[in-house]
>>> print(open('structure03.txt').read())   # compact mmCIF, C-alpha atoms
# COMPACT_ATOMS: atom_id res chain seq x y z
CA MET A 602 34.51 -18.57 -33.32
CA LEU A 603 35.43 -16.79 -36.54
CA LYS A 604 38.22 -14.89 -34.79
CA ALA A 605 40.14 -18.18 -34.85
CA LEU A 606 40.64 -17.52 -38.57
CA MET A 607 42.98 -14.60 -37.83
CA PRO A 608 46.21 -16.67 -38.19
CA VAL A 609 44.89 -18.07 -41.48
CA ALA A 610 44.11 -14.59 -42.79
CA VAL A 611 47.46 -13.13 -41.71
CA TYR A 612 49.43 -15.99 -43.25
CA SER A 613 47.42 -15.97 -46.49
CA ILE A 614 47.76 -12.21 -46.93
CA GLY A 615 51.47 -12.42 -46.09
CA VAL A 616 52.01 -15.08 -48.75
CA GLY A 617 49.87 -13.17 -51.24
CA LEU A 618 51.91 -10.00 -50.70
CA LYS A 619 55.18 -11.99 -50.74
CA LYS A 620 56.05 -11.02 -47.16
CA GLU A 621 55.97 -14.70 -46.08
CA ASN A 622 57.31 -17.79 -47.77
CA PHE A 623 54.77 -20.48 -48.66
CA LYS A 624 55.21 -23.65 -46.61
CA SER A 625 53.00 -26.66 -47.31
CA ASN A 626 53.06 -27.82 -43.67
CA THR A 627 51.88 -24.42 -42.48
CA MET A 628 49.17 -24.32 -45.14
CA ALA A 629 47.97 -27.79 -44.07
CA ASN A 630 47.60 -26.46 -40.52
CA MET A 631 45.70 -23.43 -41.83
CA ILE A 632 43.32 -25.65 -43.79
CA GLY A 633 42.67 -27.68 -40.63
CA ILE A 634 41.87 -24.52 -38.70
CA SER A 635 39.58 -23.29 -41.49
CA VAL A 636 37.65 -26.56 -41.65
CA GLY A 637 37.17 -26.57 -37.88
CA VAL A 638 35.94 -22.99 -37.85
CA ALA A 639 33.58 -23.67 -40.77
CA ILE A 640 32.06 -26.65 -38.97
CA ALA A 641 31.66 -24.67 -35.74
CA ALA A 642 30.16 -21.64 -37.50
CA TYR A 643 27.72 -23.68 -39.59
CA GLY A 644 26.70 -25.72 -36.54
CA GLU A 645 25.62 -22.57 -34.73
CA ALA A 646 21.97 -22.73 -33.67
CA LYS A 647 21.18 -19.26 -35.06
CA PHE A 648 23.43 -19.24 -38.14
CA ASN A 649 23.19 -15.91 -39.97
CA THR A 650 24.91 -15.70 -43.36
CA TRP A 651 25.05 -11.90 -43.36
CA GLY A 652 26.64 -11.85 -39.91
CA VAL A 653 29.25 -14.40 -40.99
CA MET A 654 30.08 -12.36 -44.09
CA LEU A 655 30.50 -9.20 -42.01
CA GLN A 656 32.73 -11.00 -39.51
CA LEU A 657 34.88 -12.51 -42.27
CA GLY A 658 35.28 -9.06 -43.80
CA ALA A 659 36.34 -7.69 -40.44
CA VAL A 660 38.90 -10.49 -40.05
CA GLY A 661 40.29 -9.72 -43.50
CA PHE A 662 40.62 -6.00 -42.82
CA GLU A 663 42.19 -6.60 -39.41
CA ALA A 664 44.69 -9.08 -40.84
CA THR A 665 45.73 -6.64 -43.54
>>> encode(input="structure03.txt", output="C-alpha cells")
Amino acid sequence: MLKALMPVAVYSIGVGLKKENFKSNTMANMIGISVGVAIAAYGEAKFNTWGVMLQLGAVGFEAT
C-alpha cells in the first residue's frame, strides 16, 4: 500500500528542488492520498514500524 505514496514523494521532491511549481490543488490531492495510505498502513493486521520505515525510505530514494 505504501507504493501509492510515490506520486506524493515525486511531487514533494520536485517542489523542494524547484523543478515543479507548487499548486495548492495538487497538494490537497497529495494530502488526501497520504491520509488514505496512512489509514491503510496503520490498519494492517501485522503492522511493523521498522518495515514501514524501510518502505518509506525506499519510496523516497526511488522518487529522487
>>> closest_residue(input="structure03.txt", among="A:Val636, A:Ala641, A:Ala659, A:Ala629", to="Tyr612 in chain A", atoms="only C-alpha atoms")
A:Ala629
>>> residues_around(input="structure03.txt", residues="Ala610 in chain A", least_positions_apart="3", cutoff="7 Å", atoms="all atoms listed in the file", output="list of chain:residue names")
A:Leu606, A:Met607, A:Ser613, A:Ile614, A:Gly661, A:Ala664
>>> atom_distance(input="structure03.txt", atom1="CA of Val609 in chain A", atom2="CA of Leu655 in chain A")
16.9 Å
>>> closest_residue(input="structure03.txt", among="A:Ile640, A:Leu618, A:Met602, A:Met628", to="Leu657 in chain A", atoms="all atoms listed in the file")
A:Met602
